[in-house]
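In what follows, a structure is listed as structure tokens, so that the remarks can point back to it.
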Amino acid sequence: MPREVEPSLNEKQFFAKALQENIRLDGRALDQFRALELDFGDEYGVADVKLGKTRVHTHITAEVTTPFPDRPFDGIFTITTELSPMTSPSIELNRPSETETLLSRLLEKTIRRSGALDTESLCLIGGSKCWSIRADVHVLSHDGNLVDASSIAVIAALQHFRKPDTSTEGEQVTVYTVREREPVPLSLLHFPLCVTFSFYGEGLLGKGGEEEGEAVLVDANLMEEQLREGSVTVGINRHGEVCQIAKLGGLPVDAVALLNCVKVAGVKVKELSKFIAGRLEADAKKRDKGGLMAELRADNDRVS
Amino acid sequence: MPLDTSTYSLALLRLDGRRWNELRRLTAQISTQAAADGSSYLEMGNTKVICTVTGPLEAKSTSGNRSGGDRADVQVSIRIAGFSGVDRKRRGRGDKRTQEMQTTIANAFSQSLFTHLYPHSTITLSLHILSQDGSLLAALLNASTLALIDAGIPMRDYICACTAGSTSSYSSNDEKADPLLDLNNMEEQELPFLTVATLGDTDDVSVLVMETRVQIGRLEGMLAVGVDGCKQVREILDQVVRKRGTKILEGSQL
Amino acid sequence: MAITILAPAPTVPYQTRNDADDDDENGGVDLEGDSDMRPSKRARRGKDIVTPGETVTDDPQWMRGHGTYIAPSSTEIIATVAGTVQKTNKLLSVRPLRARYTPEIGDLVVGRIIEVQSKRWRVDVGAPVLAGLPLSAINLPGGILRKRTETDELQIRTFFSEGDLLVAEVQSLYQDGSASLHTRSLKYGKLRNGVFISVSGTGGGGGVVRARRQVWTIDTDHGGGKVDVILGVNGYIWISKHVEVAGGDTAITRIEENVSSTIYSSQNDEIPAETRREIARIRGVITLLVEEGLRVDEDMVMRGYEAAVMVDDENPGESTTYLGGDMGKRVLEMLSGT
């Protein structure tokens, strides 16, 4: 297995020196996200997020299964993550790396455990039939901050997804195809997103004479991620409800600074949510040409 | 079984009779295992864990050492005993929650220990959970700290952890909600809570994990109570170390 | 950080001098310590324990030694291990209550060969990293002054192979704290005819401490003959039957030649049952001392052995070397003089 290439000492020094003067190597402000792009596929529930050079593809699928026996009135919602060798040669197939484990845990905690998707609405017949919604997160290119990009992709894809409409008569469930009935969107309760902060302390910046030996960055790229000494990921929705906080060891950071991070995350999430909503609206406009009636109008172009 | 929190507002006493700012009984022993370089046994209420430390030892093969070898690698393995919980569920080693805790503990201690004093070697922490009743990650972190002190591995300061919760549910934004210190299993099931670990007496937070939804306004109070609880925990752990130290010195006096 | 190499500990305690400069130069530090590694005979009641994160002093006149660090942008010296404060002139260090062995130059250690490489052995001495024993640092058969040849390199396993025990001295230390050993003395070399005990955790409490004599011979009772005891500073101990060096007074080179044929032998000599029993008794005494957290040195082992023999003689019936339960208690009582 080829090892991950670590930044050289020279790069490290250059980066540290720049950071001491509050400059990031790509010219962003310390609390600025990279250019975010969000595209939807032709199918419902396909989202492609580009955050700088990081690219994450998410696909939502739905099928009818039997619910878990201990939760007969709840549907099933799973998020699976996949990091393949195409992302980085240091990643092996069939052996979850630490990055992947943490990524899937964070998505799980932020989106699934916080109850973003109303699983009760996925139940068709209590104890025997329910929808199983599965979100497959594929990382296509890794240039840092996978967690934030993945959370955006999953939330956008969930909002974009339409599941086939159903009707229940007694014990009989009918699933209608797209041609029979317009598919219905999922019932989402809130839209949590992750914002990751990277901390740099005296280990990298050196023992500065002054007190301000610490720097905090938002949306770190791969090199910034490799050099960081600690990080905190905050999952928060636009209503200011914190869904999870994960500071898994690393550089000790003052409690007040952490609270500050949470506040900043709240602001960032509002911006991100607005962006996602805008993109969804544009996509809906593109798809909807006035509904079925407009499609059947006589003045449409004839298909030759 | 839903936790009945309605009585709390009447007497301001929790289910087990504690007030909001009271820790459970925290007892610990160190040097419990003769075979290990350092070991500890810690009880936080009914949560019981054993920690053994081996090392620093030379790494078996150079390929296993990721950090390039100029500092010691901290490795953590957690075993949850089948009888530790209410339902006897077998957790495989691949369990992601356990893996996350392992990563957390390893990352926390590789920052607080002076790992650069032991190049190309490994410090192995082995944690066994005998009984779980909430505050699991906090108990693991505290036990690890004690075992590492017993092993004589230099560290910046104690890493002390505890949990803090809030009596409000996530949806209501009531200002009356009290923060709670050191939650037990039943409270953890029902209330929003966070695990916080600080470095020694400072306010510097090394680990902060929250897995439940809570209003942003509640967070500050919870964190403040948690950090304060960590200082109480440090005091207790320090007493354990001192008592042990005095005993050792008296023993060698003969 | 570079490893600070301490000067070798003095062989005799010089308490008087130490007490004198305790008075005026403390600089606000509440401490009381010896600079030597020998446990002091004075009462340790007043000795304070410091724990990690505790500020030892904020006086800038002190230099930071092992077990301490200086917080950034301050002059405070903070302890990093739990232990007792020690000062050597202006050097302030904290000796941990218990820790793995840290090699120092001149230490007598007992080790075990873990790995054989082309020109050196890797030896487990209980330190964080394995120690090295270069081929050039051993006595080669056929005289001390012989040059190392390629044949020796090829036959490296005939001297020591994996699992062999040896006694050696720490010759030098590398940057990373690992030790380089040598066995270039007749006192050192391969170990046989005896039993090995590991006493882990040296430090402020029990275990082996650096002492005047680490190796001595006991004239045992009950017809056991002479028994050698080697107390490795690293907590590894070797107890074996005493073997008379052949030749006695002949010239040093002669001894070399005589010994060389057997020095790397792995074959044990014939050991009579009486000797074996006395070896077991000494081993019992040492484990007893360790269990009670007492220091293990020549004085204690000798006193413990005498006490054990006396206790054994008092008991009617079959002689036993077992030192658990009541027997152990009796020995300890005799040791503490009550």
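Starting from 1 in every chain, residues are counted up; chains themselves are A, B, ... following the order of the structure tokens, and ligands are numbered from 1 as listed.
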
inquiry  = Show me, as a PyMOL selection string, the residues that have an atom within 6 Å of region 49-55 of chain A when counting only C-alpha atoms, minus same-chain residues fewer than 2 positions from it.
reply    = chain A and resi 34-38+140-143+153

Would you give me, as a Markdown table, each residue of chain B having an atom within 7 Å of an atom of chain A, along with its shortest atom pair and that distance in Å to one decimal, using only C-alpha atoms and sorting by chain and residue number?
```
| residue | atom | partner | partner_atom | distance |
| --- | --- | --- | --- | --- |
| B:Lys96 | CA | A:Thr101 | CA | 6.4 |
| B:Glu100 | CA | A:Leu102 | CA | 6.6 |
| B:Thr104 | CA | A:Leu248 | CA | 4.5 |
| B:Ile105 | CA | A:Gly249 | CA | 6.5 |
| B:Asn107 | CA | A:Gly249 | CA | 4.7 |
| B:Ala108 | CA | A:Gly249 | CA | 3.6 |
| B:Gln111 | CA | A:Gly250 | CA | 5.8 |
| B:Leu199 | CA | A:Pro252 | CA | 6.8 |
| B:Asp203 | CA | A:Asp254 | CA | 5.5 |
| B:Asp204 | CA | A:Asp254 | CA | 4.0 |
| B:Val205 | CA | A:Pro252 | CA | 4.9 |
| B:Ser206 | CA | A:Pro252 | CA | 4.1 |
| B:Val207 | CA | A:Gly249 | CA | 4.8 |
| B:Leu208 | CA | A:Lys247 | CA | 4.8 |
| B:Val209 | CA | A:Ala246 | CA | 4.6 |
| B:Met210 | CA | A:Ile245 | CA | 4.8 |
| B:Glu211 | CA | A:Gln244 | CA | 4.7 |
| B:Thr212 | CA | A:Cys243 | CA | 5.6 |
| B:Arg213 | CA | A:Cys243 | CA | 4.1 |
| B:Val214 | CA | A:Val242 | CA | 5.3 |
| B:Gln215 | CA | A:Glu241 | CA | 4.5 |
| B:Ile216 | CA | A:Glu241 | CA | 5.6 |
| B:Glu220 | CA | A:Leu259 | CA | 6.9 |
```

note = Across B:Val227, B:Ala164, B:Leu146, B:Ile248, the smallest distance to chain C, with only C-alpha atoms counted, is shown by B:Ile248

Residue contacts of Ala179 (chain C) (6 Å, only C-alpha atoms) excluding same-chain residues fewer than 2 positions away, as JSON, numbers by chain = {"C": [131, 172, 173]}

request  = Counting only C-alpha atoms, collect the residues of chain C whose closest atom lies at most 6 Å from chain B, and write them out as a ChimeraX atom specification.
outcome  = /C:52-53,80-81,96,98-99,128-129,205-206,293-295

key: Within 8 Å of Ile111 (chain A) using only C-alpha atoms, minus same-chain residues under 5 positions, as a ChimeraX atom specification   = /A:116-117,151,155,191-193

message = Residues within 12 Å of Gln267 (chain C), please, as an NGL selection string. Count only C-alpha atoms; anything in the same chain fewer than 5 positions from it doesn't count.
response = :C and (164 or 190-194 or 262)

query = Which polymer residues have any atom within 8 Å of an atom of Thr61 (chain A), counting only C-alpha atoms, with same-chain residues fewer than 2 positions away left out, as a PyMOL selection string?
reply = chain A and resi 45+59+63+133-135

Please identify all residues of chain C having at least one atom at most 10 Å from any atom of chain A, considering only C-alpha atoms, and return them as a CSV table (one decimal) with N, CA and C atoms, in the first residue's frame.
```csv
chain,number,residue,atom,x,y,z
C,71,ALA,N,6.3,25.7,30.6
C,71,ALA,CA,5.2,26.2,29.8
C,71,ALA,C,5.6,27.3,28.9
C,72,PRO,N,5.0,27.4,27.7
C,72,PRO,CA,5.4,28.4,26.8
C,72,PRO,C,5.1,29.8,27.4
C,73,SER,N,5.9,30.7,27.1
C,73,SER,CA,5.9,32.1,27.5
C,73,SER,C,5.7,32.3,29.1
C,74,SER,N,6.5,31.4,29.8
C,74,SER,CA,6.5,31.6,31.2
C,74,SER,C,7.8,31.0,31.7
```

message = Can you measure CA of Met186 (chain B) to CA of Gly134 (chain B) for me? One decimal in Å is fine.
response =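 These atoms are spaced 7.7 Å apart.
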